[in-house]
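For reference, upload.cif is printed below; it contains mmCIF, C-alpha atoms.
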```cif
data_entry
#
loop_
_atom_site.label_atom_id
_atom_site.label_comp_id
_atom_site.auth_asym_id
_atom_site.auth_seq_id
_atom_site.Cartn_x
_atom_site.Cartn_y
_atom_site.Cartn_z
CA MET A 73 10.91 -42.51 -35.39
CA ARG A 74 11.50 -43.22 -31.75
CA ARG A 75 11.93 -39.69 -30.62
CA GLY A 76 11.97 -37.64 -33.70
CA GLN A 77 9.16 -35.29 -34.38
CA SER A 78 7.87 -33.84 -37.58
CA HIS A 79 4.82 -32.01 -38.65
CA LEU A 80 3.99 -34.68 -41.19
CA ALA A 81 4.41 -37.55 -38.79
CA GLY A 82 2.32 -35.77 -36.19
CA LEU A 83 -0.52 -35.20 -38.60
CA VAL A 84 -0.45 -38.78 -39.77
CA ALA A 85 -0.59 -40.03 -36.21
CA TRP A 86 -3.46 -37.67 -35.44
CA ALA A 87 -5.42 -38.90 -38.39
CA ALA A 88 -4.99 -42.41 -37.05
CA GLY A 89 -6.45 -41.44 -33.74
CA LEU A 90 -3.26 -40.84 -31.86
CA LEU A 91 -1.81 -37.45 -32.45
CA VAL A 92 1.67 -36.61 -31.38
CA TYR A 93 3.26 -33.30 -32.01
CA GLY A 94 6.31 -31.86 -30.39
CA CYS A 95 8.42 -29.05 -31.69
CA PRO A 96 10.08 -26.48 -29.48
CA GLY A 97 8.48 -23.13 -29.88
CA SER A 98 5.88 -24.42 -32.28
CA SER A 99 2.94 -22.18 -32.92
CA LEU A 100 0.88 -25.11 -34.05
CA ALA A 101 -2.69 -24.66 -32.88
CA PRO A 102 -5.74 -26.88 -33.11
CA GLY A 103 -7.17 -24.64 -35.80
CA ARG A 104 -4.24 -25.37 -38.05
CA LEU A 105 -4.67 -29.06 -37.47
CA ALA A 106 -8.31 -28.84 -38.38
CA SER A 107 -7.44 -26.93 -41.49
CA ALA A 108 -5.14 -29.71 -42.58
CA ALA A 109 -7.80 -32.29 -41.89
CA GLU A 110 -10.41 -30.35 -43.80
CA GLN A 111 -8.32 -30.61 -46.89
CA GLN A 112 -9.29 -34.26 -46.99
CA PRO A 113 -12.54 -34.59 -48.98
CA ALA A 114 -13.58 -37.70 -47.10
CA ALA A 115 -14.25 -35.76 -43.93
CA PRO A 116 -15.62 -32.37 -44.87
CA GLN A 117 -17.83 -32.22 -41.80
CA ALA A 118 -15.09 -33.02 -39.35
CA ALA A 119 -15.46 -30.84 -36.32
CA VAL A 120 -12.60 -28.62 -35.38
CA ALA A 121 -10.90 -30.42 -32.56
CA VAL A 122 -10.03 -28.14 -29.72
CA ALA A 123 -7.42 -29.51 -27.44
CA ARG A 124 -7.48 -29.07 -23.72
CA VAL A 125 -4.27 -27.30 -22.86
CA ILE A 126 -2.30 -28.52 -19.86
CA LYS A 127 0.72 -26.50 -18.85
CA VAL A 128 3.68 -28.45 -17.53
CA THR A 129 6.81 -26.85 -16.15
CA ALA A 130 10.13 -28.62 -16.04
CA LYS A 131 13.02 -27.69 -13.83
CA LYS A 132 15.83 -29.53 -12.10
CA PHE A 133 14.67 -32.09 -11.12
CA GLU A 134 10.91 -32.21 -11.32
CA PHE A 135 7.88 -31.73 -13.48
CA LYS A 136 4.92 -29.72 -12.27
CA PRO A 137 2.43 -31.26 -12.32
CA SER A 138 4.04 -34.66 -12.10
CA VAL A 139 0.70 -36.42 -12.48
CA ILE A 140 -1.36 -35.46 -15.51
CA THR A 141 -4.88 -36.84 -15.70
CA VAL A 142 -6.72 -36.96 -19.02
CA LYS A 143 -9.64 -38.88 -20.48
CA LYS A 144 -9.40 -41.60 -23.05
CA GLY A 145 -10.13 -40.14 -26.46
CA GLU A 146 -9.62 -36.59 -25.28
CA LEU A 147 -7.43 -34.34 -27.41
CA VAL A 148 -4.86 -32.82 -25.11
CA GLU A 149 -2.12 -30.33 -25.71
CA LEU A 150 0.78 -30.28 -23.32
CA GLU A 151 2.44 -26.90 -23.16
CA LEU A 152 5.89 -27.66 -21.88
CA THR A 153 8.22 -25.01 -20.56
CA THR A 154 11.46 -25.03 -18.63
CA SER A 155 12.49 -22.56 -15.99
CA ASP A 156 16.17 -23.41 -15.97
CA ARG A 157 17.84 -25.53 -18.65
CA ARG A 158 17.09 -27.92 -21.49
CA HIS A 159 14.98 -30.92 -20.53
CA GLY A 160 13.06 -33.63 -22.31
CA PHE A 161 9.60 -35.12 -21.96
CA ASP A 162 9.27 -38.75 -22.94
CA ALA A 163 6.22 -40.93 -22.44
CA PRO A 164 7.24 -43.91 -24.59
CA GLU A 165 4.01 -45.85 -24.18
CA LEU A 166 2.05 -42.91 -25.58
CA ASN A 167 4.67 -42.21 -28.23
CA ILE A 168 5.34 -38.76 -26.85
CA HIS A 169 8.90 -37.56 -27.31
CA ALA A 170 9.70 -33.90 -26.91
CA GLU A 171 12.54 -31.62 -26.08
CA ILE A 172 11.99 -28.57 -23.91
CA LYS A 173 14.31 -25.64 -24.54
CA PRO A 174 14.52 -22.41 -22.57
CA GLY A 175 12.80 -19.45 -24.08
CA ALA A 176 9.88 -21.00 -25.91
CA PRO A 177 7.21 -23.53 -25.03
CA THR A 178 7.08 -26.93 -26.65
CA LYS A 179 3.58 -28.00 -27.57
CA VAL A 180 2.70 -31.65 -27.76
CA GLN A 181 -0.72 -32.88 -28.73
CA PHE A 182 -1.92 -36.38 -28.15
CA LYS A 183 -5.16 -38.28 -28.03
CA PRO A 184 -4.86 -41.38 -25.86
CA ASP A 185 -6.74 -44.38 -27.16
CA LYS A 186 -6.25 -46.52 -24.09
CA ALA A 187 -6.78 -46.05 -20.38
CA GLY A 188 -4.04 -46.65 -17.88
CA HIS A 189 -1.02 -45.22 -16.15
CA PHE A 190 1.79 -44.14 -18.45
CA PRO A 191 5.09 -42.96 -16.99
CA PHE A 192 7.06 -40.09 -18.42
CA HIS A 193 10.57 -38.94 -17.69
CA CYS A 194 13.11 -36.31 -18.61
CA SER A 195 14.97 -37.60 -21.65
CA VAL A 196 17.75 -35.03 -21.68
CA PHE A 197 20.34 -35.77 -19.03
CA CYS A 198 20.24 -32.75 -16.75
CA GLY A 199 22.28 -33.54 -13.66
CA ASP A 200 22.48 -35.49 -10.46
CA GLY A 201 18.72 -35.62 -9.94
CA HIS A 202 17.91 -36.50 -13.54
CA GLU A 203 16.84 -40.01 -12.63
CA GLU A 204 14.24 -38.60 -10.27
CA MET A 205 12.66 -36.38 -12.88
CA THR A 206 9.68 -38.51 -13.66
CA GLY A 207 5.90 -38.37 -13.70
CA GLU A 208 2.82 -40.16 -14.88
CA ILE A 209 0.02 -39.58 -17.32
CA VAL A 210 -3.18 -41.13 -16.01
CA VAL A 211 -5.72 -41.86 -18.72
CA THR A 212 -9.20 -42.54 -17.37
CA GLU A 213 -12.12 -44.14 -19.17
CA MET B 188 45.91 -73.68 -19.08
CA PRO B 189 46.89 -70.30 -17.75
CA ILE B 190 43.52 -68.74 -18.46
CA GLN B 191 41.73 -71.48 -16.54
CA HIS B 192 44.10 -70.87 -13.69
CA SER B 193 43.21 -67.23 -13.83
CA ARG B 194 39.54 -68.05 -13.67
CA ARG B 195 39.93 -70.19 -10.59
CA GLN B 196 41.90 -67.47 -8.92
CA LEU B 197 39.32 -64.87 -9.77
CA LEU B 198 36.46 -66.99 -8.52
CA LYS B 199 38.27 -67.56 -5.26
CA LEU B 200 38.94 -63.89 -4.84
CA MET B 201 35.56 -62.58 -5.89
CA GLY B 202 33.38 -64.57 -3.57
CA VAL B 203 30.62 -64.88 -6.17
CA GLY B 204 31.18 -66.63 -9.45
CA GLY B 205 29.08 -65.92 -12.47
CA VAL B 206 27.78 -68.00 -15.31
CA VAL B 207 30.00 -68.96 -18.18
CA PHE B 208 28.53 -69.33 -21.62
CA ALA B 209 29.43 -68.89 -25.21
CA SER B 210 28.42 -65.64 -26.79
CA GLY B 211 27.65 -64.64 -30.33
CA LEU B 212 31.29 -64.24 -31.24
CA ALA B 213 31.72 -67.87 -32.14
CA GLY B 214 34.29 -68.16 -34.87
CA ALA B 215 36.13 -65.07 -33.80
CA GLY B 216 39.37 -66.90 -33.37
CA GLU B 217 39.40 -68.26 -36.85
CA SER B 218 38.12 -65.34 -38.79
CA GLY B 219 41.33 -65.05 -40.73
CA LYS B 220 40.66 -68.47 -42.22
CA ARG B 221 37.27 -67.44 -43.47
CA LYS B 222 36.62 -66.06 -46.84
CA GLY B 223 35.80 -62.43 -46.37
CA GLY B 224 37.36 -62.11 -42.93
CA GLY B 225 39.13 -58.80 -43.03
CA LEU B 226 41.53 -58.92 -40.11
CA PRO B 227 45.03 -60.35 -40.16
CA SER B 228 45.33 -63.74 -38.56
CA GLY B 229 49.02 -63.79 -37.75
CA ASN B 230 48.83 -62.67 -34.14
CA LYS B 231 45.79 -64.50 -32.77
CA ARG B 232 45.88 -66.47 -29.60
CA ASP B 233 43.62 -67.04 -26.64
CA PHE B 234 43.26 -63.99 -24.49
CA PHE B 235 40.87 -62.34 -22.15
CA PHE B 236 39.92 -58.83 -21.20
CA LEU B 237 37.86 -57.37 -18.39
CA GLN B 238 34.85 -55.11 -18.63
CA LEU B 239 34.34 -52.73 -15.73
CA SER B 240 31.43 -50.35 -15.80
CA ASP B 241 29.61 -47.60 -13.98
CA THR B 242 32.14 -46.93 -11.26
CA HIS B 243 30.60 -43.48 -10.60
CA TRP B 244 33.67 -42.19 -8.81
CA GLY B 245 32.57 -39.32 -6.57
CA PHE B 246 29.17 -40.77 -5.76
CA GLN B 247 28.06 -40.37 -2.18
CA GLY B 248 24.85 -41.76 -0.77
CA PRO B 249 23.08 -44.56 1.06
CA PRO B 250 23.06 -46.94 -1.94
CA ASN B 251 26.79 -47.36 -1.40
CA PRO B 252 28.23 -45.98 1.84
CA GLN B 253 31.61 -47.36 0.77
CA ALA B 254 31.67 -45.77 -2.66
CA ASP B 255 35.04 -44.23 -1.89
CA LYS B 256 36.49 -47.72 -1.48
CA THR B 257 34.71 -49.82 -4.08
CA LEU B 258 36.80 -48.91 -7.10
CA LYS B 259 40.00 -49.25 -5.14
CA GLN B 260 38.96 -52.68 -3.98
CA ALA B 261 38.23 -53.73 -7.54
CA VAL B 262 41.71 -52.58 -8.55
CA ALA B 263 43.30 -54.50 -5.70
CA THR B 264 41.28 -57.61 -6.47
CA ILE B 265 42.25 -57.62 -10.13
CA ASN B 266 45.89 -56.96 -9.30
CA ALA B 267 45.95 -59.97 -6.99
CA VAL B 268 45.48 -62.40 -9.87
CA ASP B 269 48.67 -63.80 -11.39
CA LEU B 270 47.64 -63.74 -15.01
CA GLN B 271 46.53 -60.33 -16.10
CA PRO B 272 44.05 -59.53 -18.87
CA ASP B 273 45.32 -58.17 -22.15
CA PHE B 274 43.36 -55.03 -21.46
CA ILE B 275 40.56 -53.60 -19.35
CA VAL B 276 37.69 -51.59 -20.78
CA PHE B 277 35.56 -49.21 -18.71
CA THR B 278 32.17 -48.83 -20.37
CA GLY B 279 31.18 -45.43 -19.07
CA ASP B 280 30.05 -43.50 -16.02
CA LEU B 281 33.60 -43.51 -14.77
CA THR B 282 32.67 -40.58 -12.56
CA HIS B 283 29.44 -39.42 -11.00
CA THR B 284 27.96 -36.31 -12.53
CA THR B 285 28.44 -32.86 -11.09
CA GLU B 286 27.59 -29.40 -12.32
CA SER B 287 30.91 -28.06 -11.10
CA LYS B 288 33.59 -28.09 -13.76
CA ASP B 289 36.26 -28.12 -11.07
CA VAL B 290 34.72 -31.07 -9.26
CA ARG B 291 34.28 -32.92 -12.54
CA ASN B 292 37.95 -32.44 -13.37
CA THR B 293 38.97 -33.50 -9.88
CA ARG B 294 36.91 -36.67 -10.06
CA MET B 295 38.29 -37.60 -13.46
CA ALA B 296 41.84 -37.02 -12.31
CA GLU B 297 41.23 -39.10 -9.19
CA PHE B 298 39.70 -41.87 -11.25
CA ARG B 299 42.69 -41.94 -13.57
CA LYS B 300 45.08 -42.05 -10.64
CA ILE B 301 43.23 -44.95 -9.00
CA VAL B 302 43.05 -47.08 -12.13
CA SER B 303 46.67 -46.29 -12.94
CA ASP B 304 47.46 -48.64 -10.07
CA LEU B 305 46.15 -51.55 -12.12
CA ARG B 306 48.93 -53.89 -13.16
CA VAL B 307 47.61 -54.05 -16.67
CA LYS B 308 48.44 -50.81 -18.41
CA ASP B 309 46.32 -51.19 -21.52
CA LEU B 310 43.19 -49.41 -20.33
CA ARG B 311 40.37 -48.46 -22.65
CA PHE B 312 37.84 -45.86 -21.64
CA MET B 313 34.57 -44.50 -22.87
CA PRO B 314 32.11 -42.06 -21.33
CA GLY B 315 28.72 -42.46 -19.75
CA GLU B 316 26.19 -39.69 -19.50
CA HIS B 317 27.46 -38.86 -16.02
CA ASP B 318 30.88 -38.11 -17.49
CA ALA B 319 29.92 -36.38 -20.67
CA ALA B 320 26.33 -35.20 -21.02
CA LEU B 321 26.52 -31.89 -19.17
CA ASP B 322 29.50 -30.52 -21.09
CA ALA B 323 29.28 -32.53 -24.33
CA SER B 324 32.31 -34.56 -23.19
CA GLU B 325 34.63 -31.55 -23.00
CA ALA B 326 36.24 -32.59 -19.70
CA TYR B 327 36.17 -36.25 -20.66
CA LYS B 328 38.21 -35.56 -23.79
CA GLU B 329 40.81 -33.67 -21.77
CA HIS B 330 41.29 -36.59 -19.39
CA PHE B 331 40.61 -39.65 -21.52
CA GLY B 332 40.72 -38.67 -25.18
CA ALA B 333 38.18 -39.30 -27.90
CA PRO B 334 34.86 -40.78 -26.76
CA ASN B 335 34.62 -42.99 -29.85
CA TYR B 336 37.44 -44.86 -31.51
CA ALA B 337 38.42 -48.24 -32.91
CA PHE B 338 41.32 -50.60 -32.47
CA ASP B 339 42.33 -54.12 -33.41
CA HIS B 340 43.59 -56.70 -30.98
CA LYS B 341 44.65 -60.22 -31.84
CA GLY B 342 42.27 -60.67 -34.71
CA ILE B 343 39.26 -58.86 -33.28
CA HIS B 344 38.09 -55.43 -34.33
CA PHE B 345 36.95 -53.34 -31.37
CA VAL B 346 34.97 -50.15 -31.72
CA THR B 347 33.52 -47.81 -29.12
CA VAL B 348 30.30 -45.96 -29.82
CA ASP B 349 29.51 -42.80 -27.87
CA ASN B 350 25.80 -42.52 -27.12
CA VAL B 351 26.04 -40.15 -24.18
CA SER B 352 27.86 -36.95 -25.16
CA ASP B 353 24.59 -35.85 -26.70
CA ALA B 354 22.44 -35.40 -23.60
CA LYS B 355 19.46 -36.83 -25.48
CA GLY B 356 21.25 -40.17 -25.65
CA ALA B 357 21.86 -40.22 -29.37
CA VAL B 358 24.82 -41.36 -31.43
CA GLY B 359 24.15 -38.84 -34.16
CA ASP B 360 24.56 -38.73 -37.92
CA ALA B 361 28.26 -37.90 -37.94
CA GLN B 362 29.29 -40.71 -35.64
CA ARG B 363 27.07 -43.22 -37.42
CA ASP B 364 28.77 -42.27 -40.67
CA TRP B 365 32.14 -42.72 -38.97
CA LEU B 366 31.07 -46.14 -37.67
CA ALA B 367 29.87 -47.28 -41.07
CA GLY B 368 33.12 -46.12 -42.63
CA ASP B 369 35.23 -47.80 -39.98
CA LEU B 370 33.48 -51.13 -40.41
CA LYS B 371 33.96 -51.05 -44.15
CA LYS B 372 37.63 -51.64 -43.43
CA VAL B 373 36.88 -55.14 -42.13
CA GLY B 374 35.17 -58.06 -43.80
CA LYS B 375 31.61 -59.12 -43.20
CA ASP B 376 32.85 -62.19 -41.31
CA ALA B 377 35.35 -60.31 -39.19
CA PRO B 378 34.83 -60.61 -35.44
CA ILE B 379 33.66 -57.25 -34.15
CA VAL B 380 33.19 -56.16 -30.57
CA VAL B 381 31.31 -52.94 -29.87
CA PHE B 382 31.65 -51.09 -26.59
CA THR B 383 28.99 -48.57 -25.72
CA HIS B 384 27.30 -47.19 -22.62
CA ARG B 385 23.58 -47.22 -23.20
CA PRO B 386 21.86 -50.22 -24.71
CA LEU B 387 21.62 -49.92 -28.47
CA PHE B 388 18.17 -51.49 -28.40
CA ASP B 389 15.01 -50.43 -26.60
CA LEU B 390 15.59 -52.34 -23.41
CA TYR B 391 13.18 -50.26 -21.33
CA PRO B 392 12.60 -46.78 -22.73
CA SER B 393 10.39 -45.71 -19.82
CA TRP B 394 13.53 -45.88 -17.68
CA ASP B 395 15.62 -44.23 -20.36
CA TRP B 396 17.33 -47.54 -21.07
CA ALA B 397 17.69 -47.04 -24.78
CA THR B 398 19.62 -45.07 -27.38
CA GLN B 399 17.63 -42.53 -29.33
CA ASP B 400 18.98 -43.68 -32.68
CA GLY B 401 20.08 -47.12 -31.53
CA ALA B 402 18.08 -48.88 -34.22
CA LYS B 403 20.06 -47.04 -36.88
CA VAL B 404 23.30 -48.13 -35.24
CA VAL B 405 22.13 -51.74 -35.16
CA ASP B 406 21.24 -51.43 -38.85
CA ILE B 407 24.86 -50.52 -39.53
CA LEU B 408 26.04 -53.55 -37.55
CA LEU B 409 23.60 -56.09 -38.98
CA PRO B 410 25.47 -56.87 -42.22
CA TYR B 411 28.41 -58.08 -40.15
CA ARG B 412 27.98 -61.65 -39.07
CA ASN B 413 30.08 -61.75 -35.90
CA VAL B 414 29.17 -58.79 -33.72
CA THR B 415 28.98 -58.65 -29.95
CA VAL B 416 28.05 -55.54 -27.99
CA PHE B 417 29.14 -54.89 -24.42
CA TYR B 418 27.52 -52.02 -22.57
CA GLY B 419 26.79 -50.64 -19.10
CA HIS B 420 24.31 -48.03 -17.87
CA ILE B 421 21.76 -50.40 -16.34
CA HIS B 422 23.95 -51.57 -13.43
CA GLN B 423 23.22 -55.25 -13.85
CA GLU B 424 23.96 -58.20 -16.05
CA HIS B 425 21.58 -58.52 -18.97
CA HIS B 426 21.68 -60.40 -22.26
CA HIS B 427 19.72 -59.73 -25.39
CA MET B 428 19.82 -60.60 -29.08
CA THR B 429 18.89 -58.33 -31.98
CA ASP B 430 18.91 -60.78 -34.83
CA HIS B 431 22.38 -62.36 -34.67
CA ILE B 432 23.93 -59.56 -32.59
CA ALA B 433 24.43 -60.29 -28.90
CA HIS B 434 24.18 -57.46 -26.38
CA HIS B 435 25.61 -57.95 -22.88
CA SER B 436 25.39 -55.40 -20.09
CA ALA B 437 27.74 -55.53 -17.13
CA LYS B 438 27.26 -55.07 -13.44
CA SER B 439 28.11 -51.76 -11.86
CA LEU B 440 30.81 -50.99 -9.35
CA VAL B 441 28.75 -48.56 -7.30
CA PHE B 442 25.19 -49.87 -6.79
CA PRO B 443 22.86 -52.29 -8.56
CA LEU B 444 19.60 -51.29 -10.18
CA PRO B 445 16.43 -53.41 -10.39
CA ALA B 446 15.58 -55.55 -13.38
CA PRO B 447 13.89 -53.64 -16.22
CA GLY B 448 10.30 -52.83 -15.29
CA SER B 449 10.36 -55.01 -12.19
CA VAL B 450 9.37 -52.15 -9.90
CA ALA B 451 7.24 -49.08 -10.38
CA LYS B 452 10.09 -46.64 -9.92
CA LYS B 453 13.69 -47.10 -10.90
CA GLN B 454 15.95 -46.58 -7.94
CA PRO B 455 19.08 -48.24 -6.57
CA ILE B 456 18.71 -51.53 -4.77
CA PRO B 457 19.34 -50.65 -1.11
CA TRP B 458 22.74 -51.34 0.38
CA ASP B 459 22.77 -54.49 2.45
CA PRO B 460 25.12 -54.03 5.44
CA ALA B 461 25.16 -57.79 5.94
CA HIS B 462 26.42 -58.28 2.39
CA PRO B 463 28.48 -55.29 1.31
CA PHE B 464 29.00 -54.98 -2.44
CA LYS B 465 26.22 -57.45 -3.15
CA GLY B 466 25.19 -57.06 -6.76
CA LEU B 467 28.40 -55.31 -7.76
CA GLY B 468 31.02 -56.78 -9.99
CA TYR B 469 32.54 -56.93 -13.40
CA ARG B 470 33.03 -59.25 -16.32
CA GLN B 471 35.75 -61.37 -17.78
CA VAL B 472 35.54 -61.89 -21.51
CA GLU B 473 37.64 -64.77 -22.65
CA GLU B 474 38.40 -65.50 -26.26
CA GLN B 475 39.31 -69.16 -26.29
CA ASP B 476 38.86 -72.17 -28.49
CA LYS B 477 37.08 -70.21 -31.19
CA ASN B 478 34.45 -69.00 -28.74
CA VAL B 479 33.94 -66.11 -26.43
CA LYS B 480 33.11 -66.93 -22.86
CA LEU B 481 31.69 -64.47 -20.43
CA GLU B 482 32.20 -64.76 -16.75
CA GLU B 483 30.34 -62.52 -14.35
CA LEU B 484 32.41 -61.78 -11.29
CA GLY B 485 31.03 -60.36 -8.06
CA LEU B 486 33.12 -58.03 -5.99
CA ALA B 487 34.37 -59.73 -2.85
CA GLU B 488 33.08 -58.71 0.51
CA THR B 489 35.54 -56.90 2.71
#
```

So, in terms of structure tokens, how does the structure I just supplied come out?
Amino acid sequence: MRRGQSHLAGLVAWAAGLLVYGCPGSSLAPGRLASAAEQQPAAPQAAVAVARVIKVTAKKFEFKPSVITVKKGELVELELTTSDRRHGFDAPELNIHAEIKPGAPTKVQFKPDKAGHFPFHCSVFCGDGHEEMTGEIVVTE
Amino acid sequence: MPIQHSRRQLLKLMGVGGVVFASGLAGAGESGKRKGGGLPSGNKRDFFFLQLSDTHWGFQGPPNPQADKTLKQAVATINAVDLQPDFIVFTGDLTHTTESKDVRNTRMAEFRKIVSDLRVKDLRFMPGEHDAALDASEAYKEHFGAPNYAFDHKGIHFVTVDNVSDAKGAVGDAQRDWLAGDLKKVGKDAPIVVFTHRPLFDLYPSWDWATQDGAKVVDILLPYRNVTVFYGHIHQEHHHMTDHIAHHSAKSLVFPLPAPGSVAKKQPIPWDPAHPFKGLGYRQVEEQDKNVKLEELGLAET
């Protein structure tokens, strides 16, 4: 699953400590994630994880913000929107692969388990400046 | 040794000679003698073809201030050699992207006119994302035909795989099914050459140097024992093996890009006025003596 996304795969990754979720227009919220987790008897006391929401806008040919700073172990939800056409958001080293379509936000949750600088780029070819449409997720300790 | 003569001529004309080595197609020339080889053996002989890639006709910018001349010079250089290749394949990004349908059509028509001056008339094309991603290859099909197809030539089965018409850089279920069906027509030992634009393996995904479903394509190819992949996209020579399958990228004919991950940000290697066309070139693929030999040829300085 290089770039594919699915609810099941996202939940599995989350349970393993690295949650990835990306589905255009998804209404997935942290509460729903917690509900799924609470169905597991082994962790009845698991706290409801509330993600910090970071809004990211894509347009030809830039992301705003282009540098996203988060903390290691922090549950983050990227709310991705586009103001012009279809774009993508790929941060391969964090296993984040999402498509951003006009009209509805794409929500991607992740919980980085390592500090560092992780580049992201638009993964849907969008024109002459496509190669410049890049950014970086900075994960601090 | 007419092919050797051709090589010497090319090296003299190109200014920079590349490395010659045997690729993973060993045995291609004798596949018909092998049990399970599915291609007819009656018309095999030594031959060579050229791979040109990433010409980006229409590009303008500091990375190549002579972009309006580079392709024409490549055509003239190839035409100057006595012995011509059996065919020439262009592995994508024939034209530089534009959002204007009219400009896109103009660039494709200009490209076709320029390459029609090549002495060899058997030209094989395939799209890159610059040609096809913004309109799902609509204009490309009008000018060049289908973006994926197969053909046989002197005992080798050639197949082009389109991994750019989908702007996400995917081959897709339908085309993978077509590929699997096409390959069933040849034996497991048949020599197979795949042309594609993006790498079919994860060369460097952070720079978008990958194919979204490339692993599934490779899975289709793996049962075949003599497969070689030639691709473009990364504007430099690169060689990689996935199991027994060799993958070879070609230089560009517009500007070179840095080695995968060698710099923080991917951007063209600056034009060097003292050495115009440095880093640009193309490839000769020679099927000879039961082996395939690659020769990387740099474009001559003007």

Near chain B, 7 Å: chain A residue rows, closest pairs, all atoms listed in the file, as CSV:
```
residue,atom,partner,partner_atom,distance
A:Arg74,CA,B:Gln399,CA,6.6
A:Arg75,CA,B:Gln399,CA,6.5
A:Ala163,CA,B:Ser393,CA,6.9
A:Pro164,CA,B:Ser393,CA,6.0
A:Pro191,CA,B:Ser393,CA,6.6
A:Phe192,CA,B:Ser393,CA,6.7
A:Ser195,CA,B:Lys355,CA,6.0
A:Val196,CA,B:Lys355,CA,4.5
A:Phe197,CA,B:Ala354,CA,5.0
A:Cys198,CA,B:Leu321,CA,6.8
A:Gly199,CA,B:Thr284,CA,6.4
A:Asp200,CA,B:Thr284,CA,5.9
```

Carefully work through the PyMOL selection byres ((chain B and resi 315) around 10) for this structure and note down the residues it includes, as a VMD selection string. chain B and resid 240 to 241 243 277 to 284 312 to 314 316 to 320 324 327 334 349 to 352 356 383 to 385 419 to 420

List as an NGL selection string the protein and nucleic acid residues near range 141-156 of chain A, meaning an atom at most 7 Å away when only C-alpha atoms are counted, but skip any in the same chain fewer than 3 places from it. :A and (123-131 or 172-174 or 176-187 or 209-213)

Go through the shown structure with the PyMOL selection byres ((chain B and resi 252-254) around 12) and write out the matching residues as an MDAnalysis selection string. chainID B and resid 241:251 255:261 282:283 439:442 457:460 463:464 467 488:489

What is the distance between CA of Val302 in chain B and CA of Gly485 in chain B, in Å to one decimal?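 We find that CA of Val302 in chain B and CA of Gly485 in chain B lie 18.4 Å from each other.
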
Go ahead and compute the interatomic distance for CA of Arg294 in chain B and CA of Ile421 in chain B, in Å to one decimal. 21.4 Å

Going by the chain IDs and residue numbers used in this file, which residues fall under the PyMOL selection byres ((chain B and resi 403-414) around 6)? Write them as a PyMOL selection string. chain B and resi 212+375-376+378-380+400-402+415+432

Shortest interatomic distance to Arg158 in chain A - which of A:His189, A:Cys194, A:Val139, A:Gly201, counting all atoms listed in the file: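 Selected residue with least distance to Arg158 in chain A: A:Cys194.
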
With 8 Å on each side, where is the centre of the axis-aligned box around all listed atoms of range 341-360 of chain B, and how long are its edges in Å to one decimal, as JSON?
```
{"center_x": 32.1, "center_y": -48.0, "center_z": -30.8, "size_x": 41.2, "size_y": 41.3, "size_z": 30.3}
```

How would range 274-284 of chain B of the given structure read as a file with N, CA and C atoms, as a PDB file, in the first residue's frame?
```pdb
ATOM      1  N   PHE B 274      15.357   1.317 -34.948  1.00  0.00           N
ATOM      2  CA  PHE B 274      14.298   2.254 -34.563  1.00  0.00           C
ATOM      3  C   PHE B 274      14.797   3.141 -33.434  1.00  0.00           C
ATOM      4  N   ILE B 275      14.048   4.173 -33.161  1.00  0.00           N
ATOM      5  CA  ILE B 275      14.350   5.090 -32.056  1.00  0.00           C
ATOM      6  C   ILE B 275      13.113   5.175 -31.174  1.00  0.00           C
ATOM      7  N   VAL B 276      13.315   5.041 -29.880  1.00  0.00           N
ATOM      8  CA  VAL B 276      12.207   5.167 -28.943  1.00  0.00           C
ATOM      9  C   VAL B 276      12.415   6.428 -28.100  1.00  0.00           C
ATOM     10  N   PHE B 277      11.339   7.165 -27.915  1.00  0.00           N
ATOM     11  CA  PHE B 277      11.347   8.359 -27.066  1.00  0.00           C
ATOM     12  C   PHE B 277      10.548   8.009 -25.808  1.00  0.00           C
ATOM     13  N   THR B 278      11.231   7.958 -24.674  1.00  0.00           N
ATOM     14  CA  THR B 278      10.565   7.489 -23.457  1.00  0.00           C
ATOM     15  C   THR B 278       9.984   8.640 -22.625  1.00  0.00           C
ATOM     16  N   GLY B 279       9.179   9.452 -23.273  1.00  0.00           N
ATOM     17  CA  GLY B 279       8.334  10.389 -22.549  1.00  0.00           C
ATOM     18  C   GLY B 279       8.889  11.781 -22.324  1.00  0.00           C
ATOM     19  N   ASP B 280       7.961  12.672 -21.915  1.00  0.00           N
ATOM     20  CA  ASP B 280       8.241  14.101 -21.814  1.00  0.00           C
ATOM     21  C   ASP B 280       8.826  14.592 -23.131  1.00  0.00           C
ATOM     22  N   LEU B 281       8.106  14.285 -24.186  1.00  0.00           N
ATOM     23  CA  LEU B 281       8.485  14.778 -25.506  1.00  0.00           C
ATOM     24  C   LEU B 281       8.384  16.295 -25.505  1.00  0.00           C
ATOM     25  N   THR B 282       7.329  16.788 -24.880  1.00  0.00           N
ATOM     26  CA  THR B 282       7.095  18.228 -24.816  1.00  0.00           C
ATOM     27  C   THR B 282       7.051  18.672 -23.358  1.00  0.00           C
ATOM     28  N   HIS B 283       7.274  19.951 -23.170  1.00  0.00           N
ATOM     29  CA  HIS B 283       7.168  20.514 -21.818  1.00  0.00           C
ATOM     30  C   HIS B 283       5.709  20.877 -21.561  1.00  0.00           C
ATOM     31  N   THR B 284       5.287  20.709 -20.338  1.00  0.00           N
ATOM     32  CA  THR B 284       3.875  20.886 -20.016  1.00  0.00           C
ATOM     33  C   THR B 284       3.419  22.324 -20.213  1.00  0.00           C
TER      34      THR B 284
END
```
